[in-house]
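Read the structure below first, then the notes.
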There are 2 protein chains.
Amino acid sequence: MQKELTEIQKSILNFLIDQIKGKGIPPTLADVAKHFGYKNRATVQQHFKAIEKKGYIKKSPKLSRGIELTLEEKFFVPRPVLGEVAAGNPLTIYPDAINTVELPTIARMPKDSFLLRVKGDSLKDAYIFSGDIVIVNPNLEPKNGQIVVAILDDAAVVKRFYKKRNGIELVSENPEYKPILIDKKYPSFKVVGIVVGVYRSMGKKAG
Amino acid sequence: MQKELTEIQKSILNFLIDQIKGKGIPPTLADVAKHFGYKNRATVQQHFKAIEKKGYIKKSPKLSRGIELTLEEKFFVPRPVLGEVAAGNPLTIYPDAINTVELPTIARMPKDSFLLRVKGDSLKDAYIFSGDIVIVNPNLEPKNGQIVVAILDDAAVVKRFYKKRNGIELVSENPEYKPILIDKKYPSFKVVGIVVGVYRSMGKKAG
DNA sequence: TAAATTAACATACAAATGTATGGTATTTAT
DNA sequence: ATAAATACCATACATTTGTATGTTAATTTA
C-alpha cells in the first residue's frame, strides 16, 4: 500500500539506510545535502517530507538526526551481499555487484564488515551450509583454527585457517576436500577477512 | 588494559549502549542529562570526557550525537539470552533470568524479539544445532511450516508448526522425534513466537 | 597531607540543526 | 490545459547541541 518513491527519493532513502545501518547514526540534513551535492538543506528537508508522506521514514520533529526507518517495523532490513563464496570449490566474488538479502535486525553491523552467501558444502561439518550468509570482518588478524575468507587466483574460498612452518594451510571441514597449502604457488593469496558469524533466514521451506 | 569505570560512569555507559543498540541513535548531552536528572549538560560532558579518556567511547568533536562505542572494535556486543529451549525434549525457559551472549553487531534488534539458545538436536535436519541462537519474533502469526517456539506445560520447544483439522501438530525435523499433536491434553499450549533466523557465533572451536 | 579525580552545578557562546517561507522550473497527473 | 507533484535554490530564525570556563564539595590517590 506504500506509494512508489521517485528515483531521487529512493537514492536518498538508500543513503539513509546505509548511514543508519552502516554507520549506526542517522545523518543530519546537512550531511545528506553534502553527500548529494545540494547547496541547501531545505532541499533535503523537502525530500524527507515527501519520503515520510509515502511512509518510508518517520521523523521526530525538532530532534537532530530524528529519522527512523519504518522498514524496521517489518523486522527485516535489506543488506547488500557482496557476492558468493565457495565453501567447496573456489567461486568468483562479484566485484561490487550488489544483491541484497533480508537480514533480521539484531545489532549494528560492524564497520567495514560485509556479507557473503555461501555456496557448496565444504564446511558442512562446521554447520555452515549452502545458502547461509556469513558475516565477514576484514579488520581482524586471522588466528589458527578460525574460518576465513581468502582469495586464491581471483576466486574466494571459505576455509579454516592454520599457520604452519611451511606456509599457510586452508582446510575444509568436509573430508571430501583436501587441505590447500599456500606457498609460492599462490602469489595472489590474501586473507579477505574472518567469518565472525553465520546467519540463516527462515523461509517457508526448511532452513 | 582499560581503566575501571566508576559506578556512575558505568551507568552512563550502559545508558549509551541501551540507546545506541536499542533505540538505534546515540543520545545528546541533553538526553543523558534528562535521563539522570542532571540540571546541566556540562555534567554529562565531563562524564563523557572521563569515559572517553578510559577508552570506552569515542567522541566526534562538534558532531551532534557523535558518540561511538569503542566496545564495537571488538565487534561483539553482549545481548541478553532469555533462556534455553529444547529442540529435542522440552526444557524450561529461565523466567526472565538473563544470561548474555556475544552477538556480532549486524543490525538493530527488532522490537520485542528475543534470543534463545537451542539445546538438543531435534532440528538438525533444518540445520539448527545445539548452541545456536534463534531469533524469535513474538509478534507474528504462525503459518504452516514455520519453525515456532511454543510452550507445553511450562516448558518450551522449538518445532515446525502445522495446523491440522484435529488440532495443531508440532513436528521435529529429526525423524527420531515423533510429532506432537496439540489438543485438549495441552491446556497451557501457546505459541511464543516465530523463529525468524538463526545465528551462530564463530568461536575458536568448530562452529 | 597535598594533589588528583570525581561529581555536580552555572553561565556563556559559536556552530550545528531543524524549520518556515518563498521563489523558479520541470515533470507528471487529471 | 490546469493543477499537483517534483526538484532545486535562497534567506531567515529559534533551538539544539557541543564546548569552554569557572565554582564548590567530596572522595580517592600518591
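Residue numbering restarts at 1 for every chain of the C-alpha cells, chains are lettered A, B, ... in their displayed order, and ligands are numbered from 1 as they appear.
Taking only C-alpha atoms (C1' of nucleotides), the non-local environment of Lys10 (chain B) within 12 Å (same-chain residues fewer than 3 positions away omitted) comprises Lys3, Glu4, Leu5, Thr6, Glu7, Leu13, Asn14, Phe15, Leu16, Ile17, His47, Phe48, Ala50, Ile51, Glu52, Lys54, Tyr56 and Ile57 of chain B.
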Save out the residues we just selected, C-alpha atoms, as a PDB file, in the first residue's frame.
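Printed below is again_27.pdb as written:
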ATOM      1  CA  LYS B   3      40.857   1.529  33.272  1.00  0.00           C
ATOM      2  CA  GLU B   4      37.952   0.757  35.507  1.00  0.00           C
ATOM      3  CA  LEU B   5      34.893   2.919  35.265  1.00  0.00           C
ATOM      4  CA  THR B   6      33.246   4.302  38.356  1.00  0.00           C
ATOM      5  CA  GLU B   7      29.705   3.208  39.131  1.00  0.00           C
ATOM      6  CA  LEU B  13      27.915   3.918  29.532  1.00  0.00           C
ATOM      7  CA  ASN B  14      25.100   1.414  29.940  1.00  0.00           C
ATOM      8  CA  PHE B  15      22.626   4.092  29.050  1.00  0.00           C
ATOM      9  CA  LEU B  16      24.662   4.873  25.957  1.00  0.00           C
ATOM     10  CA  ILE B  17      24.703   1.230  24.922  1.00  0.00           C
ATOM     11  CA  HIS B  47      31.434  12.228  32.362  1.00  0.00           C
ATOM     12  CA  PHE B  48      31.824  11.662  28.643  1.00  0.00           C
ATOM     13  CA  ALA B  50      36.206  10.758  31.605  1.00  0.00           C
ATOM     14  CA  ILE B  51      34.680   7.722  29.922  1.00  0.00           C
ATOM     15  CA  GLU B  52      36.434   8.555  26.677  1.00  0.00           C
ATOM     16  CA  LYS B  54      39.328   5.493  29.848  1.00  0.00           C
ATOM     17  CA  TYR B  56      35.196   3.105  26.353  1.00  0.00           C
ATOM     18  CA  ILE B  57      33.753   5.602  23.933  1.00  0.00           C
TER      19      ILE B  57
END
Practice item. Show me which bits of chain C are within 12 Å of chain B, counting only C-alpha atoms (C1' of nucleotides), as a list in words. Key: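 The answer, sorted by residue number, is DT5, DT6, DA7, DA8, DC9, DA10, DT11, DA14, DA15, DA16 and DT17 of chain C.
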Review point. Quick one: residues within 12 Å of DT11 (chain D), only C-alpha atoms (C1' of nucleotides) counted, chain neighbours fewer than 6 positions away excluded, as a ChimeraX atom specification?
Key: /A:40-42 /C:20-23
How would the residues just picked look written out with C-alpha atoms (C1' of nucleotides) as a short mmCIF file (atom, residue, chain, number, x, y, z; two decimals), in the first residue's frame?
data_model
loop_
_atom_site.label_atom_id
_atom_site.label_comp_id
_atom_site.auth_asym_id
_atom_site.auth_seq_id
_atom_site.Cartn_x
_atom_site.Cartn_y
_atom_site.Cartn_z
CA ASN A 40 20.87 23.77 0.59
CA ARG A 41 19.45 21.83 3.47
CA ALA A 42 15.94 22.84 2.56
"C1'" DA C 20 9.30 28.02 7.92
"C1'" DT C 21 8.56 30.71 3.90
"C1'" DG C 22 9.02 31.99 -0.69
"C1'" DG C 23 10.86 31.55 -5.42
#
Review point. Could you pull the residues within 12 Å of DA12 (chain C), counting only C-alpha atoms (C1' of nucleotides), minus those fewer than 4 positions along the same chain, as number ranges by chain?
Key: D: 19-22
Give me, as a Markdown table, the closest atom pair and its distance (Å, one decimal) for every residue of chain D within a cut-off of 12 Å of chain A, counting only C-alpha atoms (C1' of nucleotides), rows sorted by chain and rising number.
| residue | atom | partner | partner_atom | distance |
| --- | --- | --- | --- | --- |
| D:DA5 | C1' | A:Ala50 | CA | 9.8 |
| D:DT6 | C1' | A:Thr6 | CA | 8.9 |
| D:DA7 | C1' | A:Thr43 | CA | 7.9 |
| D:DC8 | C1' | A:Thr43 | CA | 6.4 |
| D:DC9 | C1' | A:Asn40 | CA | 7.1 |
| D:DA10 | C1' | A:Asn40 | CA | 8.4 |
| D:DT11 | C1' | A:Ala42 | CA | 10.8 |
| D:DA14 | C1' | A:Lys62 | CA | 10.7 |
| D:DT15 | C1' | A:Lys62 | CA | 8.1 |
| D:DT16 | C1' | A:Ser64 | CA | 7.6 |
| D:DT17 | C1' | A:Ser64 | CA | 8.8 |
Create the file for the chosen residues now, containing C-alpha atoms (C1' of nucleotides) and written as a compact mmCIF listing (two decimals), in the first residue's frame.
# COMPACT_ATOMS: atom_id res chain seq x y z
C1' DA D 5 3.84 16.98 -7.57
C1' DT D 6 8.82 17.08 -8.15
C1' DA D 7 13.35 19.12 -7.74
C1' DC D 8 16.22 22.66 -6.61
C1' DC D 9 17.52 27.16 -4.72
C1' DA D 10 17.79 31.37 -1.12
C1' DT D 11 17.07 33.57 3.23
C1' DA D 14 14.62 29.74 17.05
C1' DT D 15 16.50 25.76 19.24
C1' DT D 16 19.51 22.33 19.97
C1' DT D 17 23.84 20.99 20.67
